[in-house]
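Chemist: Mind looking over this structure? Questions follow.
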Amino acid sequence: MTYTPKGASPATAAANRDAVGRYDMADRQDFTDSDQGLVAPFPDKLYAADGSVIFDTARFDYLDDDAPAPDTVHPSLWRQSQLIRRGGLYKVVDGVHQVRNSDIANLTVIEGDTGLVVVDCMASVEAATQGMAMIREHVSDKPVAAVIYTHTHIDHYGGVKGIVSADDVASGRVPIIAPGTISSFDKHAIGENVIAGNAMTRRASYAFGSLLDLDACGHVTCGIGITSVPGVTISYLSPTDPITETGTRRDLGGLEFEFLYAPDTEAPEEMHIWIPQLGALTCAENANHSLHNIQTLRGARTRDARNFARYLDETLERWGDEAQVHYGPHTWPVWGNGQVTAFLESQRDTYKYLHDQSLRLANKGYTPLEAAEEIELPAELGRKWFNRGYHGTLHHDVRAVFTKELGMWDGDPVSLHPHPPVEAARRFVTMIGTKKIMEEGRRALNAADYRWAAQILHTLVFAQPENQEARDLQADAYEQMGYQAEGPQWRGIFLTAAKELREGVQPATFATASPDTVLAMPVDILFDFAAVHLIGDKAADADLRIDFRFTDLDETWTMWVARGVLNARRGAHPDTRLTVTGPKAALVGALLKPAGAAELAQSGKITLDGDGAALRTLAGLLDEFDPNFAVVTP
């Protein structure tokens, strides 16, 4: 079943036209800045290993500068997407180049006298490989002297094997510098994307619009980057040089780099970087041409808005008088000391405002949703393009401050132990009746009360998921909400909801738990990953112990299942039922897919010493995760 998205309703068209008046659309400075320093456009499409096209800039031609915002796209988001569409290799200042917008994140290359320092690696090997080829052709063929990860998110390390090889790093020829201890960085980088990776990937497919067509009725851009490119290779190499203190310096490629350690901000481990010889500063993702997430919609740990402000202010205090350019891992730079300081001060105050005002209202008894409906940025902050909600939004960031500071309960007793959605929906439908709910849904839709239409029809869809008429009507409401959304993630969520209500669940186009990421997991996190697959009630009476001997790591771990819990620790156990021996790559398969362990043993990849049936027992206790689980239906 396929469908053609409906156009904007008269009410949506009017709302988007009216929105124009709230913005300084005559301000075109961002267009000048995003074009500045273009060295070369992308030479070709981006291809996967099998030759298929995974990214083509021509697919975004509908965002031409002369194209007015259509009725189906919020005018502020349309403007930002026209800016994001610009891509290629850019010179930022002497010694600093960026490859922008063949990927959701940038590749930044710093050239010193003796080598290149790569700051963040994009999300994919394919994009990073193309970016480095452009650097080699147009900038420098000097060797890579170092790689820097500014923080623990996948779009900043995923392309690392397009920059350097594992041998380069293992030999010490190329250090990988990152914030936090190595174990902490690994834990957050890999754990975030793998331990809850299946849920995160499904949610991200909604938020980043990866299931939508690229057009004015579907996905436009991700707001801080062109798009989340499907079908790519995601790689990982652990850091080798940790930064845990502000003021730490490194000489890299003949240039001095100074670091400001900024944990618990946009990522659990993050840092700002100052290069004094170039007057070049980056605050990683703590300062962007967009308001950022305090709580991501794809799913991640809630962040501390106060820390965003605190570390931006410390950055201004340390280097604000000297910084001549601010470059980021997303979007375009800011040039000139006055502009850089004004940008950072405004971003600082935006995060502090939303933090402080959220807690002011919390202390007055507001619930998170009530506060989110109330709080607006002052005009001095809110009219700045770089403070608009192209990644986070003020509405869900306010609610996230409540979550960070007060926890998951909103303070209303009725929300403490409610009926689950399906049971509550059935009771409402029994009380009100299908006919009356449909009538109210249509009335709300015709009155352009789309939020209420979606909400009331949700009860009918969850009570009667086979009711296609109700699903189609709710889809109509979500569609108009998507067209009116300034935030691209809100747009993606609402429009994907409409698509799946009409067509059913769409197959996943990417996964954060890539094979390379899983293989790179430290052993303790590997067992954590296995543990979240354990079916607790099924394993409640289990008594199982297996030792795993990692020959390439010279480590042995004992794993046991009891009382519905899988635990593991270093060392062999004298009473183990089975010892599985082999290199880590093979033991990953034996642990996560134990049903296939016998085949691995037969091929000589692992050896089994003891009762091989223990792995079959383990296999019977592990769950399988469907990457295409339902979201808008039960």
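Ordered as shown in the structure tokens, chains take letters A, B, and onward, while each chain numbers its residues from 1 and ligands are numbered from 1 in the order shown.
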Check region 211-451 of chain A with DSSP on the backbone and list each residue it calls strand (DSSP E), as a PDB file with N, CA and C atoms, in the first residue's frame.
Modeler:
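states10.pdb written:
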```
ATOM      1  N   ASP A 241      44.382   8.691  23.865  1.00  0.00           N
ATOM      2  CA  ASP A 241      44.941   9.815  24.628  1.00  0.00           C
ATOM      3  C   ASP A 241      43.786  10.580  25.269  1.00  0.00           C
ATOM      4  N   PRO A 242      43.491  10.308  26.542  1.00  0.00           N
ATOM      5  CA  PRO A 242      42.326  10.930  27.186  1.00  0.00           C
ATOM      6  C   PRO A 242      42.611  12.328  27.716  1.00  0.00           C
ATOM      7  N   ILE A 243      41.591  13.185  27.631  1.00  0.00           N
ATOM      8  CA  ILE A 243      41.655  14.539  28.189  1.00  0.00           C
ATOM      9  C   ILE A 243      40.664  14.599  29.350  1.00  0.00           C
ATOM     10  N   ARG A 249      47.244  20.539  27.333  1.00  0.00           N
ATOM     11  CA  ARG A 249      47.722  20.943  26.011  1.00  0.00           C
ATOM     12  C   ARG A 249      48.388  19.762  25.304  1.00  0.00           C
ATOM     13  N   ARG A 250      48.308  19.786  23.988  1.00  0.00           N
ATOM     14  CA  ARG A 250      49.010  18.812  23.165  1.00  0.00           C
ATOM     15  C   ARG A 250      49.607  19.532  21.962  1.00  0.00           C
ATOM     16  N   ASP A 251      50.819  19.133  21.564  1.00  0.00           N
ATOM     17  CA  ASP A 251      51.402  19.612  20.318  1.00  0.00           C
ATOM     18  C   ASP A 251      51.093  18.571  19.249  1.00  0.00           C
ATOM     19  N   LEU A 252      50.309  18.968  18.257  1.00  0.00           N
ATOM     20  CA  LEU A 252      49.828  18.034  17.238  1.00  0.00           C
ATOM     21  C   LEU A 252      50.076  18.623  15.862  1.00  0.00           C
ATOM     22  N   LEU A 255      51.202  22.249  15.804  1.00  0.00           N
ATOM     23  CA  LEU A 255      50.354  23.287  16.394  1.00  0.00           C
ATOM     24  C   LEU A 255      50.021  22.919  17.837  1.00  0.00           C
ATOM     25  N   GLU A 256      49.801  23.945  18.653  1.00  0.00           N
ATOM     26  CA  GLU A 256      49.387  23.711  20.035  1.00  0.00           C
ATOM     27  C   GLU A 256      47.870  23.674  20.117  1.00  0.00           C
ATOM     28  N   PHE A 257      47.350  22.662  20.765  1.00  0.00           N
ATOM     29  CA  PHE A 257      45.919  22.528  21.028  1.00  0.00           C
ATOM     30  C   PHE A 257      45.705  22.571  22.538  1.00  0.00           C
ATOM     31  N   GLU A 258      44.776  23.387  22.980  1.00  0.00           N
ATOM     32  CA  GLU A 258      44.431  23.447  24.399  1.00  0.00           C
ATOM     33  C   GLU A 258      42.974  23.021  24.557  1.00  0.00           C
ATOM     34  N   PHE A 259      42.692  22.262  25.615  1.00  0.00           N
ATOM     35  CA  PHE A 259      41.376  21.647  25.764  1.00  0.00           C
ATOM     36  C   PHE A 259      40.664  22.144  27.026  1.00  0.00           C
ATOM     37  N   LEU A 260      39.350  22.303  26.900  1.00  0.00           N
ATOM     38  CA  LEU A 260      38.483  22.587  28.040  1.00  0.00           C
ATOM     39  C   LEU A 260      37.558  21.386  28.200  1.00  0.00           C
ATOM     40  N   TYR A 261      37.715  20.684  29.292  1.00  0.00           N
ATOM     41  CA  TYR A 261      36.922  19.483  29.558  1.00  0.00           C
ATOM     42  C   TYR A 261      35.513  19.897  29.984  1.00  0.00           C
ATOM     43  N   MET A 271      34.379  18.070  24.973  1.00  0.00           N
ATOM     44  CA  MET A 271      35.418  19.059  25.258  1.00  0.00           C
ATOM     45  C   MET A 271      35.435  20.135  24.190  1.00  0.00           C
ATOM     46  N   HIS A 272      35.898  21.324  24.589  1.00  0.00           N
ATOM     47  CA  HIS A 272      36.124  22.444  23.691  1.00  0.00           C
ATOM     48  C   HIS A 272      37.617  22.488  23.355  1.00  0.00           C
ATOM     49  N   ILE A 273      37.939  23.068  22.194  1.00  0.00           N
ATOM     50  CA  ILE A 273      39.327  23.051  21.719  1.00  0.00           C
ATOM     51  C   ILE A 273      39.729  24.453  21.249  1.00  0.00           C
ATOM     52  N   TRP A 274      40.897  24.884  21.689  1.00  0.00           N
ATOM     53  CA  TRP A 274      41.442  26.197  21.329  1.00  0.00           C
ATOM     54  C   TRP A 274      42.798  25.990  20.662  1.00  0.00           C
ATOM     55  N   ILE A 275      42.982  26.633  19.493  1.00  0.00           N
ATOM     56  CA  ILE A 275      44.255  26.581  18.777  1.00  0.00           C
ATOM     57  C   ILE A 275      44.778  28.014  18.720  1.00  0.00           C
ATOM     58  N   ALA A 280      41.564  29.913  16.527  1.00  0.00           N
ATOM     59  CA  ALA A 280      40.425  29.077  16.149  1.00  0.00           C
ATOM     60  C   ALA A 280      39.892  28.316  17.361  1.00  0.00           C
ATOM     61  N   LEU A 281      38.589  28.354  17.525  1.00  0.00           N
ATOM     62  CA  LEU A 281      37.912  27.776  18.684  1.00  0.00           C
ATOM     63  C   LEU A 281      36.755  26.901  18.219  1.00  0.00           C
ATOM     64  N   THR A 282      36.576  25.765  18.880  1.00  0.00           N
ATOM     65  CA  THR A 282      35.326  25.033  18.732  1.00  0.00           C
ATOM     66  C   THR A 282      34.808  24.668  20.115  1.00  0.00           C
ATOM     67  N   VAL A 325      37.651  32.906  15.145  1.00  0.00           N
ATOM     68  CA  VAL A 325      36.701  32.091  14.395  1.00  0.00           C
ATOM     69  C   VAL A 325      36.218  30.963  15.298  1.00  0.00           C
ATOM     70  N   HIS A 326      34.949  30.644  15.186  1.00  0.00           N
ATOM     71  CA  HIS A 326      34.387  29.467  15.850  1.00  0.00           C
ATOM     72  C   HIS A 326      33.882  28.524  14.771  1.00  0.00           C
ATOM     73  N   VAL A 334      31.552  30.831  12.489  1.00  0.00           N
ATOM     74  CA  VAL A 334      31.296  32.238  12.827  1.00  0.00           C
ATOM     75  C   VAL A 334      32.649  32.931  12.820  1.00  0.00           C
ATOM     76  N   TRP A 335      32.760  34.059  12.086  1.00  0.00           N
ATOM     77  CA  TRP A 335      34.034  34.756  11.929  1.00  0.00           C
ATOM     78  C   TRP A 335      34.008  36.105  12.645  1.00  0.00           C
TER      79      TRP A 335
END
```
Chemist: Report the closest atom pair, with its distance in Å rounded to one decimal, for each residue of region 253-371 of chain A that has an atom no farther than 12 Å from region 484-495 of chain A; count only C-alpha atoms, sort by chain and then rising residue number, and write it as a tab-separated table.
Modeler:
```
residue	atom	partner	partner_atom	distance
A:Ser290	CA	A:Gly487	CA	9.9
A:Leu291	CA	A:Gly487	CA	9.8
A:His292	CA	A:Gly487	CA	10.8
A:Asn293	CA	A:Gln489	CA	10.6
A:Thr296	CA	A:Gln489	CA	9.6
A:Leu297	CA	A:Gln489	CA	7.6
A:Arg298	CA	A:Gln489	CA	9.1
```
Chemist: Keeping only C-alpha atoms, take the residues you just selected and write them out as a PDB file, in the first residue's frame.
Modeler:
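For reference, out23.pdb as written:
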```
ATOM      1  CA  SER A 290      20.565  25.821  16.461  1.00  0.00           C
ATOM      2  CA  LEU A 291      19.191  25.254  19.919  1.00  0.00           C
ATOM      3  CA  HIS A 292      20.364  21.803  20.955  1.00  0.00           C
ATOM      4  CA  ASN A 293      18.611  18.962  22.748  1.00  0.00           C
ATOM      5  CA  THR A 296      17.054  13.858  22.556  1.00  0.00           C
ATOM      6  CA  LEU A 297      13.941  12.497  20.894  1.00  0.00           C
ATOM      7  CA  ARG A 298      15.908   9.548  19.518  1.00  0.00           C
TER       8      ARG A 298
END
```
Chemist: Which one is closest to Val505 (chain A): A:Ser165, A:Thr2, A:Gln130, A:Leu63? Count only C-alpha atoms.
Modeler: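 Using only C-alpha atoms, the shortest distance to Val505 (chain A) belongs to A:Thr2.
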Chemist: So, with only C-alpha atoms as the atoms that count, which of A:Ala568, A:Val232, A:Ala146, A:Ile546 lies closest to Gly51 (chain A)?
Modeler: A:Val232
Chemist: Ranking A:Gly88, A:Asp168, A:Thr350, A:Ala448 by minimum distance to Ala379 (chain A) and counting only C-alpha atoms, which one comes first?
Modeler: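 Looking at the shortest contact to Ala379 (chain A), the residue is A:Thr350.
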Chemist: What's the 6 Å shell around region 457-473 of chain A, counting only C-alpha atoms, without same-chain residues fewer than 6 positions away, as a ChimeraX atom specification?
Modeler: /A:422,425-426,441,501-502,633-634
Chemist: Based on the selection just made, write N, CA and C atoms of those residues as an mmCIF file, in the first residue's frame.
Modeler:
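Result went into part.cif, see below:
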```cif
data_model
loop_
_atom_site.group_PDB
_atom_site.id
_atom_site.type_symbol
_atom_site.label_atom_id
_atom_site.label_comp_id
_atom_site.auth_asym_id
_atom_site.auth_seq_id
_atom_site.Cartn_x
_atom_site.Cartn_y
_atom_site.Cartn_z
ATOM 1 N N VAL A 422 -3.088 0.896 25.943
ATOM 2 C CA VAL A 422 -4.147 0.093 25.314
ATOM 3 C C VAL A 422 -5.330 -0.071 26.262
ATOM 4 N N ALA A 425 -7.174 3.179 26.562
ATOM 5 C CA ALA A 425 -7.899 3.461 25.318
ATOM 6 C C ALA A 425 -9.185 2.651 25.238
ATOM 7 N N ARG A 426 -9.110 1.374 25.579
ATOM 8 C CA ARG A 426 -10.317 0.536 25.534
ATOM 9 C C ARG A 426 -11.394 1.067 26.457
ATOM 10 N N GLY A 441 -13.094 13.636 16.426
ATOM 11 C CA GLY A 441 -11.858 13.731 15.663
ATOM 12 C C GLY A 441 -12.037 14.533 14.392
ATOM 13 N N LEU A 501 0.752 5.126 9.961
ATOM 14 C CA LEU A 501 -0.677 4.908 10.179
ATOM 15 C C LEU A 501 -1.373 4.533 8.877
ATOM 16 N N ARG A 502 -0.940 5.121 7.788
ATOM 17 C CA ARG A 502 -1.575 4.847 6.498
ATOM 18 C C ARG A 502 -1.049 3.575 5.840
ATOM 19 N N THR A 633 0.894 2.329 16.681
ATOM 20 C CA THR A 633 -0.159 1.374 17.008
ATOM 21 C C THR A 633 0.373 0.474 18.112
ATOM 22 N N PRO A 634 -0.495 -0.251 18.797
ATOM 23 C CA PRO A 634 -0.008 -1.127 19.875
ATOM 24 C C PRO A 634 0.957 -2.189 19.361
#
```
Chemist: My list of candidates is A:Val73, A:Leu116, A:Leu544, A:Ala48. Which is closest to Gly218 (chain A) when distances are computed with only C-alpha atoms?
Modeler: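 Result for the nearest residue to Gly218 (chain A): A:Val73.
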Chemist: Based on the backbone DSSP call, show me all residues of region 273-491 of chain A assigned helix (DSSP H, G or I), as a PyMOL selection string.
Modeler: chain A and resi 284-286+305-319+337-363+368-374+379-382+385-387+394-406+413-415+421-432+434-446+450-463+468-484+488-491
Chemist: Could you name the residues that touch Phe548 (chain A) at 7 Å or less, counting only C-alpha atoms, but leaving out those on the same chain fewer than 4 positions away, as a list in words?
Modeler: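 Within the cut-off, the hits are Thr556, Trp557, Thr558, Thr579, Val580 and Thr581 of chain A.
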Chemist: When you count only C-alpha atoms, which of these residues is closest to Arg549 (chain A): A:Glu314, A:Asp609, A:Asp321, A:Asp575?
Modeler: A:Asp609
Chemist: Any idea what's packed within 10 Å of Trp560 (chain A), counting only C-alpha atoms, ignoring anything in its chain fewer than 2 positions away? Could you give it as a list in words?
Modeler: Ala542, Asp543, Leu544, Arg545, Ile546, Asp547, Thr558, Ala562, Val565, Leu566, Asn567, Ala568, Arg569, His573, Thr576, Arg577 and Leu618 of chain A
Chemist: Which residues come within 10 Å of Phe55 (chain A), counting only C-alpha atoms, excluding same-chain residues fewer than 4 positions away, as a PyMOL selection string?
Modeler: chain A and resi 44-48+59+102-103+126-127+227-232
Chemist: Find, counting only C-alpha atoms, the residue in A:Gly536, A:Gly225, A:Gly610, A:Pro522 that gets nearest to Arg86 (chain A).
Modeler: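 With only C-alpha atoms as the atom set, the closest residue is A:Gly225.
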Chemist: One decimal, Å: what's the distance from CA of Ala11 (chain A) over to CA of Asp71 (chain A), could you say?
Modeler: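 One can read the CA of Ala11 (chain A) to CA of Asp71 (chain A) distance as 10.0 Å.
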Chemist: What separation in Å, quoted to one decimal, exists between CA of Thr244 (chain A) and CA of Gly180 (chain A)?
Modeler: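 Separating CA of Thr244 (chain A) from CA of Gly180 (chain A) is a distance of 5.0 Å.
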Chemist: I'd like the interatomic distance between CA of Phe428 (chain A) and CA of Tyr478 (chain A), to a tenth of an Å.
Modeler: 20.9 Å
Chemist: Would you mind listing what lies within 8 Å of region 153-158 of chain A as a PyMOL selection string, with only C-alpha atoms counted and same-chain residues fewer than 5 positions away left out?
Modeler: chain A and resi 104-105+120-125+189+193+233-237+267+329+512
Chemist: Can I get the selected residues back with N, CA, C and O atoms, as a short mmCIF file (atom, residue, chain, number, x, y, z; two decimals), in the first residue's frame?
Modeler:
```
data_model
loop_
_atom_site.label_atom_id
_atom_site.label_comp_id
_atom_site.auth_asym_id
_atom_site.auth_seq_id
_atom_site.Cartn_x
_atom_site.Cartn_y
_atom_site.Cartn_z
N ILE A 104 25.51 14.02 8.11
CA ILE A 104 24.86 14.86 9.12
C ILE A 104 25.87 15.71 9.89
O ILE A 104 25.51 16.73 10.48
N ALA A 105 27.16 15.32 9.87
CA ALA A 105 28.19 16.07 10.61
C ALA A 105 29.33 16.47 9.69
O ALA A 105 29.48 15.93 8.59
N ASP A 120 36.85 15.33 14.55
CA ASP A 120 35.60 14.62 14.27
C ASP A 120 35.61 14.03 12.86
O ASP A 120 36.22 14.60 11.94
N CYS A 121 34.96 12.90 12.73
CA CYS A 121 35.19 12.02 11.57
C CYS A 121 33.93 11.77 10.74
O CYS A 121 33.91 10.83 9.94
N MET A 122 32.88 12.57 10.93
CA MET A 122 31.60 12.35 10.27
C MET A 122 31.00 11.03 10.79
O MET A 122 31.57 10.36 11.65
N ALA A 123 29.85 10.66 10.23
CA ALA A 123 29.13 9.50 10.75
C ALA A 123 29.50 8.21 10.04
O ALA A 123 29.26 7.13 10.56
N SER A 124 30.07 8.30 8.83
CA SER A 124 30.28 7.09 8.05
C SER A 124 31.66 7.04 7.42
O SER A 124 32.27 8.08 7.13
N VAL A 125 32.13 5.84 7.20
CA VAL A 125 33.41 5.64 6.52
C VAL A 125 33.35 6.20 5.11
O VAL A 125 34.31 6.81 4.63
N ALA A 189 30.20 6.09 24.37
CA ALA A 189 30.09 6.09 22.90
C ALA A 189 29.42 4.81 22.41
O ALA A 189 28.50 4.85 21.58
N ASN A 193 24.89 3.70 21.95
CA ASN A 193 24.41 3.32 20.63
C ASN A 193 24.14 1.83 20.49
O ASN A 193 23.59 1.41 19.46
N THR A 233 28.61 2.62 6.33
CA THR A 233 29.47 1.82 7.21
C THR A 233 29.86 2.68 8.41
O THR A 233 30.47 3.74 8.25
N ILE A 234 29.53 2.22 9.59
CA ILE A 234 29.87 2.93 10.83
C ILE A 234 31.02 2.19 11.50
O ILE A 234 30.95 0.98 11.72
N SER A 235 32.09 2.90 11.80
CA SER A 235 33.28 2.28 12.39
C SER A 235 33.56 2.87 13.76
O SER A 235 32.98 3.89 14.16
N TYR A 236 34.49 2.24 14.46
CA TYR A 236 34.89 2.75 15.77
C TYR A 236 36.30 2.30 16.10
O TYR A 236 36.66 1.14 15.88
N LEU A 237 37.10 3.22 16.62
CA LEU A 237 38.39 2.93 17.21
C LEU A 237 38.46 3.63 18.56
O LEU A 237 38.12 4.82 18.67
N ALA A 267 26.95 15.88 25.47
CA ALA A 267 27.25 14.45 25.59
C ALA A 267 27.84 14.20 26.98
O ALA A 267 28.31 15.13 27.64
N PRO A 329 31.19 21.14 14.64
CA PRO A 329 31.03 19.85 13.96
C PRO A 329 29.75 19.76 13.14
O PRO A 329 29.52 18.75 12.48
N THR A 512 22.30 1.69 14.64
CA THR A 512 23.44 2.28 15.35
C THR A 512 24.39 1.20 15.85
O THR A 512 25.58 1.44 16.02
#
```
